[in-house]
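Undergrad: Sharing run_18.csv here; it has CSV, C-alpha atoms and all ligand atoms.
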chain,number,residue,atom,x,y,z
A,6,MET,CA,92.9,88.0,116.2
A,7,ARG,CA,92.0,91.5,115.0
A,8,GLN,CA,89.2,91.9,112.5
A,9,SER,CA,90.8,94.4,110.2
A,10,VAL,CA,94.0,96.6,110.1
A,11,THR,CA,94.5,99.6,107.8
A,12,VAL,CA,98.0,100.8,107.1
A,13,ARG,CA,99.0,103.8,105.0
A,14,ALA,CA,102.4,104.1,103.2
A,15,PRO,CA,103.9,107.0,101.2
A,16,ALA,CA,105.3,107.5,97.8
A,17,LYS,CA,108.9,108.6,97.4
A,18,VAL,CA,111.0,110.8,95.2
A,19,ASN,CA,114.8,110.5,94.9
A,20,LEU,CA,116.4,113.9,95.6
A,21,GLN,CA,119.6,112.3,94.3
A,22,LEU,CA,120.0,109.0,92.5
A,23,ALA,CA,123.6,108.2,91.8
A,24,VAL,CA,123.9,104.9,89.9
A,25,GLY,CA,127.3,103.0,90.0
A,26,PRO,CA,128.7,100.7,87.3
A,27,LEU,CA,126.7,97.5,86.3
A,28,ARG,CA,127.8,94.7,88.7
A,29,PRO,CA,128.4,91.2,87.5
A,30,ASP,CA,125.2,90.1,89.2
A,31,GLY,CA,123.2,92.6,87.0
A,32,TYR,CA,122.5,95.1,89.8
A,33,HIS,CA,124.0,98.5,90.4
A,34,ASP,CA,125.3,100.0,93.6
A,35,LEU,CA,123.4,103.2,94.4
A,36,ALA,CA,123.9,106.3,96.5
A,37,THR,CA,120.5,107.8,96.8
A,38,VAL,CA,118.6,110.3,98.9
A,39,PHE,CA,115.0,109.1,99.4
A,40,HIS,CA,112.3,111.6,100.4
A,41,ALA,CA,108.8,110.4,101.4
A,42,VAL,CA,106.0,112.7,100.1
A,43,GLY,CA,102.4,113.0,101.1
A,44,LEU,CA,100.8,110.8,98.5
A,45,TYR,CA,99.7,107.5,99.9
A,46,ASP,CA,98.4,104.0,99.2
A,47,ASP,CA,96.3,102.3,101.9
A,48,VAL,CA,96.4,98.5,102.6
A,49,ILE,CA,93.4,97.0,104.5
A,50,ALA,CA,94.2,93.5,105.9
A,51,GLU,CA,91.5,91.1,107.1
A,52,PRO,CA,91.7,87.6,108.4
A,53,ALA,CA,91.3,84.8,105.7
A,54,ASP,CA,92.3,81.2,105.1
A,55,ASP,CA,94.8,82.0,102.4
A,56,ILE,CA,96.6,85.1,101.0
A,57,SER,CA,94.9,87.1,98.4
A,58,VAL,CA,94.7,90.7,97.1
A,59,THR,CA,92.0,92.9,95.5
A,60,LEU,CA,92.1,96.5,94.3
A,61,ALA,CA,89.5,99.2,95.5
A,62,GLU,CA,89.6,100.3,91.8
A,63,PRO,CA,90.5,97.8,89.1
A,64,ASP,CA,93.8,98.5,87.3
A,65,PRO,CA,95.0,96.1,84.5
A,66,GLU,CA,98.6,97.2,85.2
A,67,VAL,CA,98.6,95.7,88.7
A,68,PRO,CA,98.8,91.9,89.0
A,69,LEU,CA,96.4,90.2,91.4
A,70,ASP,CA,98.4,87.0,91.7
A,71,GLY,CA,101.6,86.0,93.6
A,72,GLY,CA,103.4,88.7,91.6
A,73,ASN,CA,101.7,91.5,93.5
A,74,LEU,CA,104.2,93.1,95.9
A,75,ALA,CA,101.6,93.1,98.7
A,76,VAL,CA,101.1,89.3,98.3
A,77,ARG,CA,104.9,88.8,98.1
A,78,ALA,CA,105.2,90.8,101.4
A,79,ALA,CA,102.5,88.8,103.2
A,80,ASN,CA,104.1,85.5,102.0
A,81,ALA,CA,107.5,86.6,103.1
A,82,LEU,CA,106.3,87.6,106.6
A,83,ALA,CA,104.4,84.3,106.9
A,84,GLU,CA,107.5,82.4,105.9
A,85,ALA,CA,109.8,84.3,108.2
A,86,THR,CA,107.5,83.8,111.3
A,87,GLY,CA,106.1,80.4,110.5
A,88,MET,CA,102.6,81.9,110.4
A,89,ALA,CA,99.9,79.6,108.9
A,90,GLU,CA,97.1,82.2,108.9
A,91,GLY,CA,96.1,83.9,105.6
A,92,VAL,CA,95.0,87.4,104.9
A,93,ARG,CA,92.7,89.2,102.5
A,94,LEU,CA,94.4,92.4,101.3
A,95,ARG,CA,92.6,95.3,99.8
A,96,LEU,CA,94.7,98.1,98.1
A,97,VAL,CA,93.5,101.6,97.8
A,98,LYS,CA,96.0,102.9,95.3
A,99,ARG,CA,96.5,106.6,94.9
A,100,ILE,CA,100.2,106.4,94.0
A,101,PRO,CA,100.3,106.1,90.2
A,102,VAL,CA,101.6,102.7,88.9
A,103,ALA,CA,105.0,102.4,87.2
A,104,ALA,CA,105.6,106.1,87.8
A,105,GLY,CA,109.0,106.0,89.6
A,106,LEU,CA,107.2,106.8,92.9
A,107,ALA,CA,107.6,103.3,94.4
A,108,GLY,CA,103.8,102.6,94.8
A,109,GLY,CA,104.3,98.8,94.7
A,110,SER,CA,107.0,99.2,97.4
A,111,ALA,CA,104.7,101.3,99.5
A,112,ASP,CA,102.1,98.5,99.3
A,113,ALA,CA,104.7,95.9,100.3
A,114,ALA,CA,105.8,98.0,103.3
A,115,ALA,CA,102.2,98.7,104.4
A,116,THR,CA,101.4,95.0,104.0
A,117,LEU,CA,104.3,94.0,106.3
A,118,VAL,CA,103.0,96.4,109.0
A,119,ALA,CA,99.4,95.4,108.5
A,120,CYS,CA,100.0,91.6,108.6
A,121,ASP,CA,102.4,91.9,111.6
A,122,ALA,CA,99.5,93.6,113.5
A,123,LEU,CA,96.8,91.3,112.2
A,124,TRP,CA,98.7,88.1,112.9
A,125,GLY,CA,100.2,89.4,116.2
A,126,THR,CA,103.7,88.5,115.1
A,127,ALA,CA,105.0,91.6,116.7
A,128,LEU,CA,108.3,91.9,114.9
A,129,SER,CA,110.5,94.9,115.5
A,130,ARG,CA,110.9,97.6,112.8
A,131,ASP,CA,114.5,96.3,112.2
A,132,GLU,CA,113.1,92.7,111.7
A,133,LEU,CA,110.4,94.0,109.3
A,134,ALA,CA,113.1,96.0,107.4
A,135,GLU,CA,115.2,92.9,106.9
A,136,ILE,CA,112.2,91.2,105.3
A,137,ALA,CA,111.5,94.4,103.3
A,138,ALA,CA,115.0,94.3,101.8
A,139,THR,CA,114.3,90.9,100.3
A,140,LEU,CA,111.3,92.3,98.5
A,141,GLY,CA,112.8,95.3,96.6
A,142,SER,CA,115.3,98.2,96.8
A,143,ASP,CA,112.6,100.8,97.8
A,144,VAL,CA,110.6,98.7,100.3
A,145,PRO,CA,112.8,99.4,103.5
A,146,PHE,CA,112.5,103.1,102.8
A,147,ALA,CA,108.7,102.9,102.5
A,148,LEU,CA,108.7,101.5,106.1
A,149,LEU,CA,111.1,104.2,107.4
A,150,GLY,CA,109.8,107.3,105.6
A,151,GLY,CA,111.2,110.8,106.2
A,152,THR,CA,114.4,111.6,104.3
A,153,ALA,CA,117.2,109.0,104.2
A,154,ILE,CA,120.4,108.1,102.4
A,155,GLY,CA,120.2,104.7,100.7
A,156,THR,CA,123.3,102.8,99.7
A,157,GLY,CA,124.1,99.3,98.4
A,158,ARG,CA,121.0,98.4,96.4
A,159,GLY,CA,119.2,101.2,98.2
A,160,THR,CA,118.3,99.1,101.2
A,161,LEU,CA,121.0,100.2,103.6
A,162,LEU,CA,119.4,103.3,105.1
A,163,SER,CA,120.5,106.1,107.3
A,164,PRO,CA,118.1,108.9,108.2
A,165,VAL,CA,118.9,112.5,107.3
A,166,LEU,CA,118.0,115.3,109.6
A,167,ALA,CA,116.2,117.7,107.2
A,168,ARG,CA,114.9,121.0,108.4
A,169,GLY,CA,111.4,122.1,107.5
A,170,GLU,CA,108.9,121.1,104.9
A,171,PHE,CA,109.4,121.0,101.1
A,172,HIS,CA,106.6,121.5,98.6
A,173,TRP,CA,106.3,119.4,95.5
A,174,VAL,CA,104.2,119.0,92.4
A,175,LEU,CA,104.4,115.6,90.8
A,176,ALA,CA,103.7,115.6,87.0
A,177,VAL,CA,102.3,112.2,86.3
A,178,ALA,CA,102.6,110.9,82.7
A,179,ALA,CA,99.8,109.1,80.9
A,180,GLU,CA,101.9,106.0,80.6
A,181,GLY,CA,104.3,104.3,83.0
A,182,LEU,CA,108.0,103.3,82.4
A,183,SER,CA,109.5,100.0,83.4
A,184,THR,CA,112.3,100.3,85.9
A,185,PRO,CA,114.5,97.5,84.4
A,186,THR,CA,114.1,99.1,80.9
A,187,VAL,CA,115.3,102.4,82.2
A,188,TYR,CA,118.4,100.9,83.9
A,189,ARG,CA,119.2,98.9,80.7
A,190,GLU,CA,119.0,102.2,78.7
A,191,CYS,CA,121.3,103.9,81.2
A,192,ASP,CA,123.8,101.0,80.8
A,193,ARG,CA,123.5,101.3,77.0
A,194,LEU,CA,124.1,105.0,77.0
A,195,ARG,CA,127.1,104.6,79.3
A,196,GLU,CA,128.6,101.9,77.2
A,197,ALA,CA,128.2,104.0,74.1
A,198,ALA,CA,129.9,107.0,75.8
A,199,GLY,CA,132.8,104.7,76.8
A,200,ALA,CA,133.6,106.8,79.9
A,201,GLU,CA,134.5,105.2,83.3
A,202,VAL,CA,131.5,105.2,85.7
A,203,PRO,CA,132.5,106.4,89.1
A,204,ASP,CA,131.4,104.8,92.4
A,205,PRO,CA,128.2,106.5,93.5
A,206,ALA,CA,128.5,109.1,96.3
A,207,VAL,CA,126.1,111.4,98.1
A,208,ASP,CA,126.3,115.0,97.1
A,209,ASP,CA,127.5,117.3,99.9
A,210,ALA,CA,125.7,120.4,98.5
A,211,LEU,CA,122.4,118.4,98.6
A,212,MET,CA,123.0,117.3,102.2
A,213,ALA,CA,123.8,120.9,103.3
A,214,ALA,CA,120.6,122.2,101.6
A,215,LEU,CA,118.6,119.6,103.5
A,216,ARG,CA,120.3,120.3,106.8
A,217,SER,CA,119.6,124.1,106.5
A,218,GLY,CA,116.1,123.6,105.0
A,219,ASP,CA,117.2,125.8,102.0
A,220,ALA,CA,114.6,125.0,99.3
A,221,LYS,CA,116.4,127.1,96.7
A,222,ALA,CA,119.7,125.3,97.2
A,223,LEU,CA,117.9,122.0,97.2
A,224,GLY,CA,116.3,122.8,93.9
A,225,ALA,CA,119.7,123.5,92.4
A,226,ALA,CA,121.2,120.2,93.8
A,227,LEU,CA,118.6,117.7,92.6
A,228,SER,CA,120.2,115.1,90.4
A,229,ASN,CA,119.3,111.7,88.9
A,230,ASP,CA,121.7,109.5,86.9
A,231,LEU,CA,118.7,107.8,85.3
A,232,GLN,CA,117.2,111.0,84.0
A,233,GLU,CA,119.0,110.9,80.6
A,234,ALA,CA,117.8,107.4,80.0
A,235,ALA,CA,114.2,108.2,81.0
A,236,VAL,CA,114.2,111.2,78.7
A,237,GLY,CA,115.8,109.1,75.9
A,238,LEU,CA,112.9,106.6,76.2
A,239,ARG,CA,110.3,109.4,76.6
A,240,PRO,CA,111.5,112.5,74.7
A,241,ALA,CA,108.4,114.5,75.8
A,242,LEU,CA,109.9,114.6,79.3
A,243,ALA,CA,112.5,117.1,78.1
A,244,GLN,CA,109.7,119.6,77.6
A,245,THR,CA,108.1,118.8,81.0
A,246,LEU,CA,111.5,119.4,82.7
A,247,GLY,CA,112.1,122.5,80.7
A,248,ALA,CA,108.8,124.0,82.0
A,249,ALA,CA,110.3,124.4,85.5
A,250,ALA,CA,112.0,127.8,84.9
A,251,GLU,CA,108.9,129.2,83.0
A,252,LEU,CA,106.6,128.1,85.9
A,253,GLY,CA,108.9,129.5,88.6
A,254,ALA,CA,109.8,126.2,90.2
A,255,LEU,CA,113.0,125.9,92.2
A,256,GLY,CA,114.0,122.7,90.4
A,257,ALA,CA,112.6,119.7,88.6
A,258,ILE,CA,113.8,116.1,88.3
A,259,VAL,CA,112.7,112.8,87.0
A,260,SER,CA,111.6,110.8,90.0
A,261,GLY,CA,113.5,107.5,90.2
A,262,SER,CA,113.2,105.6,86.9
A,263,GLY,CA,110.4,108.0,85.9
A,264,PRO,CA,108.4,109.0,84.1
A,265,THR,CA,107.0,111.3,86.9
A,266,VAL,CA,108.7,114.6,87.0
A,267,ALA,CA,108.9,116.2,90.5
A,268,PHE,CA,108.9,120.0,90.7
A,269,LEU,CA,110.2,121.6,93.9
A,270,VAL,CA,108.4,124.9,94.6
A,271,ARG,CA,108.5,127.6,97.2
A,272,SER,CA,105.2,127.3,98.9
A,273,PRO,CA,101.8,125.5,98.8
A,274,GLU,CA,100.5,128.5,96.8
A,275,ALA,CA,103.2,128.2,94.3
A,276,ALA,CA,102.4,124.4,94.1
A,277,ILE,CA,98.8,125.3,92.9
A,278,ASP,CA,100.2,127.7,90.3
A,279,VAL,CA,102.7,125.1,88.9
A,280,ALA,CA,100.0,122.3,88.9
A,281,VAL,CA,97.6,124.5,87.0
A,282,GLY,CA,100.4,125.6,84.6
A,283,LEU,CA,101.5,122.0,83.9
A,284,THR,CA,97.9,120.9,83.2
A,285,ALA,CA,97.2,124.0,81.0
A,286,MET,CA,100.3,123.3,79.0
A,287,GLY,CA,99.2,119.7,78.5
A,288,LEU,CA,102.5,118.4,79.9
A,289,CYS,CA,101.0,115.7,82.2
A,290,ARG,CA,98.0,113.5,82.8
A,291,ASP,CA,97.7,114.7,86.3
A,292,ALA,CA,99.6,117.1,88.6
A,293,LYS,CA,99.6,116.0,92.2
A,294,ARG,CA,100.6,118.3,95.1
A,295,ALA,CA,102.5,116.8,98.0
A,296,GLY,CA,104.6,117.9,101.0
A,297,GLY,CA,107.6,116.1,102.3
A,298,PRO,CA,109.1,114.6,104.3
A,299,VAL,CA,106.3,112.4,105.8
A,300,PRO,CA,106.5,109.3,108.0
A,301,GLY,CA,106.8,105.8,106.6
A,302,ALA,CA,104.2,103.0,106.8
A,303,LYS,CA,101.9,103.4,109.8
A,304,VAL,CA,98.7,101.9,111.2
A,305,LEU,CA,95.7,104.1,110.6
A,306,ARG,CA,93.1,102.0,112.3
A,307,THR,CA,92.5,98.5,113.7
A,401,LIG,P1,110.1,101.1,91.3
A,401,LIG,O1,109.8,101.0,92.8
A,401,LIG,O2,110.6,99.8,90.7
A,401,LIG,O3,110.7,102.3,90.8
A,401,LIG,P2,107.7,102.2,90.2
A,401,LIG,O4,107.4,103.1,91.3
A,401,LIG,O5,108.1,102.8,89.0
A,401,LIG,O6,108.6,101.0,90.6
A,401,LIG,P3,105.3,100.5,90.8
A,401,LIG,O7,104.1,101.3,90.8
A,401,LIG,O8,105.9,100.1,92.1
A,401,LIG,O9,106.4,101.4,89.9
A,401,LIG,O10,105.1,99.3,89.8
A,401,LIG,C1,106.0,98.6,89.0
A,401,LIG,C2,105.4,97.3,88.5
A,401,LIG,O11,105.2,96.4,89.6
A,401,LIG,C3,104.0,97.5,87.9
A,401,LIG,O12,104.1,97.7,86.5
A,401,LIG,C4,103.3,96.3,88.2
A,401,LIG,O13,103.2,95.4,87.2
A,401,LIG,C5,104.1,95.6,89.4
A,401,LIG,N1,103.4,95.5,90.7
A,401,LIG,C6,103.3,94.5,91.5
A,401,LIG,N2,102.6,94.8,92.6
A,401,LIG,C7,102.2,96.0,92.5
A,401,LIG,C8,101.4,96.8,93.4
A,401,LIG,N3,101.0,96.4,94.6
A,401,LIG,N4,101.2,98.1,93.0
A,401,LIG,C9,101.7,98.5,91.8
A,401,LIG,N5,102.4,97.8,90.9
A,401,LIG,C10,102.7,96.5,91.3
Rewrite the structure of this file - the entire thing - as structure tokens.
TA:
Amino acid sequence: MRQSVTVRAPAKVNLQLAVGPLRPDGYHDLATVFHAVGLYDDVIAEPADDISVTLAEPDPEVPLDGGNLAVRAANALAEATGMAEGVRLRLVKRIPVAAGLAGGSADAAATLVACDALWGTALSRDELAEIAATLGSDVPFALLGGTAIGTGRGTLLSPVLARGEFHWVLAVAAEGLSTPTVYRECDRLREAAGAEVPDPAVDDALMAALRSGDAKALGAALSNDLQEAAVGLRPALAQTLGAAAELGALGAIVSGSGPTVAFLVRSPEAAIDVAVGLTAMGLCRDAKRAGGPVPGAKVLRT
């Protein structure tokens, strides 16, 4: 057996997040466009008798028991393959927690790849993706990376051929938002409005912008059905979103369930200006620059 495997997996932003009506089972059908960006968590997996997790830097927001998504991923792979070995997982978290950037999902995807290599279970990417889909809506995409349309609960993926590289600034808030709370608020707002919620569909203008690598058109086409709910729960986000024009960004959007706001900018130089501007205006705890698309979970070293 290998002594140690290190796997790196990216954060995501949703370029579009269309949320369908509340289903009887409590979930929503989605039509989303995932985009993997260059901000990563690493998972280091080492042989052990049982399955455990530690953090390189302690964080009270991240559980260290069976509720940790990395532990859930290792358990799911062990169960699917009949593997009796354990693993000691160490997480180097750079993706902010509860930020709408799918950091926990990145850890789950990285753990699947790391344990598969450590244990020699040698599953195909499709087999890993099947297990990933049982762990959460964003986990299969963290395996795949790039830019992809997600339908169903977000786990049915089809890659999008996007031209070129896009430059982002991620405005990270001081405090996270709970994804279920944001969905509940979205449902509440919709019920109060009383209008029929259409089935979710991918936006043609967004797809055309991606195919042609047109950052300006992409900035104009960004959309998120959860944004109103996230802003309702965190009114300060309205000011952050409003800074986009003043700072010369091509567009800004709440990422997933928030509260991170993703700013699309013209160039790496513009990203520095926007990051400095956001920090100077006191609109975020941290402004992280990242390019996209980037690949999904991959082995860094064994
Ligand atoms: P989502 O993918 O649901 O949009 P998110 O990106 O907003 O989530 P995450 O960083 O994935 O947020 O964390 C959501 C919650 O999951 C955290 O509040 C934490 O309690 C729990 N969690 C479980 N495992 C992990 C993990 N490995 N890293 C971060 N959070 C985890």
Undergrad: My list of candidates is A:Pro240, A:Pro68, A:Gly155, A:Gly150. Which is closest to ligand LIG 401 (chain A) when distances are computed with all atoms listed in the file?
TA: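 Counting all atoms listed in the file, the residue closest to ligand LIG 401 (chain A) is A:Pro68.
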Undergrad: Please return as a ChimeraX atom specification the residues found within 10 Å of ligand LIG 401 (chain A), counting all atoms listed in the file.
TA: /A:16-18,46,48,58-60,64-78,95-113,116,141-144,147,181-185,187,260-265
Undergrad: Rank nothing, just name the residue among A:Asp121, A:Pro205, A:Ala79, A:Val174 nearest to Val266 (chain A), using only C-alpha atoms.
TA: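 Checking each of A:Asp121, A:Pro205, A:Ala79, A:Val174 against Val266 (chain A), counting only C-alpha atoms, the winner is A:Val174.
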Undergrad: Dump as CSV the rows for residues of region 126-196 of chain A within 9 Å of region 32-44 of chain A: closest atom pair and distance in Å with one decimal, all atoms listed in the file counted, ordered by chain and rising residue number.
TA:
residue,atom,partner,partner_atom,distance
A:Asp143,CA,A:Phe39,CA,8.8
A:Phe146,CA,A:Phe39,CA,7.3
A:Ala147,CA,A:Ala41,CA,7.6
A:Leu149,CA,A:Ala41,CA,8.9
A:Gly150,CA,A:Ala41,CA,5.3
A:Gly151,CA,A:Ala41,CA,5.4
A:Thr152,CA,A:His40,CA,4.4
A:Ala153,CA,A:Phe39,CA,5.3
A:Ile154,CA,A:Val38,CA,4.5
A:Gly155,CA,A:Thr37,CA,5.0
A:Thr156,CA,A:Ala36,CA,4.8
A:Gly157,CA,A:Asp34,CA,5.0
A:Arg158,CA,A:Asp34,CA,5.4
A:Gly159,CA,A:Leu35,CA,6.0
A:Val165,CA,A:Val38,CA,8.7
A:His172,CA,A:Val42,CA,8.9
A:Trp173,CA,A:Val42,CA,8.1
A:Tyr188,CA,A:His33,CA,8.9
Undergrad: Report as a list in words all protein, DNA and RNA residues lying within 8 Å of Leu82 (chain A), evaluated on all atoms listed in the file, omitting residues in the same chain fewer than 6 positions from it.
TA: Met88, Leu117, Cys120, Asp121 and Ile136 of chain A
Undergrad: Counting only C-alpha atoms, which residues of region 93-210 of chain A fall within 7 Å of region 279-296 of chain A, and what is the closest atom pair for each with its distance in Å at one decimal, ordered by chain and rising number, as a Markdown table?
TA:
| residue | atom | partner | partner_atom | distance |
| --- | --- | --- | --- | --- |
| A:Glu170 | CA | A:Gly296 | CA | 6.6 |
| A:Phe171 | CA | A:Gly296 | CA | 5.7 |
| A:His172 | CA | A:Gly296 | CA | 4.8 |
| A:Trp173 | CA | A:Ala295 | CA | 5.2 |
| A:Val174 | CA | A:Arg294 | CA | 4.6 |
| A:Leu175 | CA | A:Lys293 | CA | 5.0 |
| A:Ala176 | CA | A:Ala292 | CA | 4.6 |
| A:Val177 | CA | A:Asp291 | CA | 5.2 |
| A:Ala178 | CA | A:Cys289 | CA | 5.1 |
| A:Ala179 | CA | A:Arg290 | CA | 5.1 |
Undergrad: I'd like the contact shell of Leu215 (chain A) - 12 Å cut-off, all atoms listed in the file, skipping same-chain residues fewer than 2 positions apart - returned as a compact mmCIF listing (two decimals) with C-alpha atoms, in the coordinates of the input.
TA:
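Written output follows (selection_2.txt):
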# COMPACT_ATOMS: atom_id res chain seq x y z
CA LEU A 20 116.40 113.90 95.60
CA GLN A 21 119.60 112.30 94.30
CA VAL A 38 118.60 110.30 98.90
CA PHE A 39 115.00 109.10 99.40
CA HIS A 40 112.30 111.60 100.40
CA GLY A 151 111.20 110.80 106.20
CA THR A 152 114.40 111.60 104.30
CA ALA A 153 117.20 109.00 104.20
CA ILE A 154 120.40 108.10 102.40
CA PRO A 164 118.10 108.90 108.20
CA VAL A 165 118.90 112.50 107.30
CA LEU A 166 118.00 115.30 109.60
CA ALA A 167 116.20 117.70 107.20
CA ARG A 168 114.90 121.00 108.40
CA GLY A 169 111.40 122.10 107.50
CA GLU A 170 108.90 121.10 104.90
CA PHE A 171 109.40 121.00 101.10
CA ASP A 208 126.30 115.00 97.10
CA ASP A 209 127.50 117.30 99.90
CA ALA A 210 125.70 120.40 98.50
CA LEU A 211 122.40 118.40 98.60
CA MET A 212 123.00 117.30 102.20
CA ALA A 213 123.80 120.90 103.30
CA SER A 217 119.60 124.10 106.50
CA GLY A 218 116.10 123.60 105.00
CA ASP A 219 117.20 125.80 102.00
CA ALA A 220 114.60 125.00 99.30
CA LYS A 221 116.40 127.10 96.70
CA ALA A 222 119.70 125.30 97.20
CA LEU A 223 117.90 122.00 97.20
CA GLY A 224 116.30 122.80 93.90
CA ALA A 225 119.70 123.50 92.40
CA ALA A 226 121.20 120.20 93.80
CA LEU A 227 118.60 117.70 92.60
CA GLY A 297 107.60 116.10 102.30
CA PRO A 298 109.10 114.60 104.30
Undergrad: Since fewer atoms than expected are present, regenerate N, CA and C atoms for region 229-250 of chain A and write them as a short mmCIF file (atom, residue, chain, number, x, y, z; two decimals), in the coordinates of the input.
TA:
data_model
loop_
_atom_site.label_atom_id
_atom_site.label_comp_id
_atom_site.auth_asym_id
_atom_site.auth_seq_id
_atom_site.Cartn_x
_atom_site.Cartn_y
_atom_site.Cartn_z
N ASN A 229 119.78 113.10 89.11
CA ASN A 229 119.30 111.70 88.90
C ASN A 229 120.09 111.13 87.68
N ASP A 230 120.90 110.12 87.95
CA ASP A 230 121.70 109.50 86.90
C ASP A 230 120.80 108.75 85.87
N LEU A 231 119.55 108.46 86.23
CA LEU A 231 118.70 107.80 85.30
C LEU A 231 117.89 108.73 84.39
N GLN A 232 118.06 110.03 84.66
CA GLN A 232 117.20 111.00 84.00
C GLN A 232 117.44 110.97 82.44
N GLU A 233 118.71 110.92 82.03
CA GLU A 233 119.00 110.90 80.60
C GLU A 233 118.36 109.73 79.91
N ALA A 234 118.43 108.57 80.57
CA ALA A 234 117.80 107.40 80.00
C ALA A 234 116.32 107.49 79.91
N ALA A 235 115.71 108.01 80.98
CA ALA A 235 114.20 108.20 81.00
C ALA A 235 113.81 109.14 79.88
N VAL A 236 114.57 110.23 79.72
CA VAL A 236 114.20 111.20 78.70
C VAL A 236 114.47 110.61 77.28
N GLY A 237 115.51 109.79 77.17
CA GLY A 237 115.80 109.10 75.90
C GLY A 237 114.61 108.23 75.49
N LEU A 238 114.04 107.54 76.47
CA LEU A 238 112.90 106.60 76.20
C LEU A 238 111.61 107.41 76.03
N ARG A 239 111.51 108.58 76.66
CA ARG A 239 110.30 109.40 76.60
C ARG A 239 110.69 110.86 76.30
N PRO A 240 110.99 111.16 75.05
CA PRO A 240 111.50 112.50 74.70
C PRO A 240 110.61 113.64 75.21
N ALA A 241 109.30 113.39 75.37
CA ALA A 241 108.40 114.50 75.80
C ALA A 241 108.78 114.96 77.23
N LEU A 242 109.52 114.14 77.98
CA LEU A 242 109.90 114.60 79.30
C LEU A 242 110.82 115.78 79.32
N ALA A 243 111.56 115.95 78.22
CA ALA A 243 112.50 117.10 78.10
C ALA A 243 111.67 118.40 78.23
N GLN A 244 110.53 118.40 77.58
CA GLN A 244 109.70 119.60 77.60
C GLN A 244 109.09 119.83 79.00
N THR A 245 108.69 118.72 79.65
CA THR A 245 108.10 118.80 81.00
C THR A 245 109.21 119.42 81.95
N LEU A 246 110.44 118.87 81.87
CA LEU A 246 111.50 119.40 82.70
C LEU A 246 111.83 120.82 82.40
N GLY A 247 111.75 121.15 81.12
CA GLY A 247 112.10 122.50 80.70
C GLY A 247 111.06 123.55 81.14
N ALA A 248 109.87 123.09 81.55
CA ALA A 248 108.80 124.00 82.00
C ALA A 248 109.12 124.60 83.38
N ALA A 249 110.10 123.99 84.10
CA ALA A 249 110.30 124.40 85.50
C ALA A 249 110.64 125.87 85.61
N ALA A 250 111.55 126.37 84.77
CA ALA A 250 112.00 127.80 84.90
C ALA A 250 110.77 128.69 84.56
#
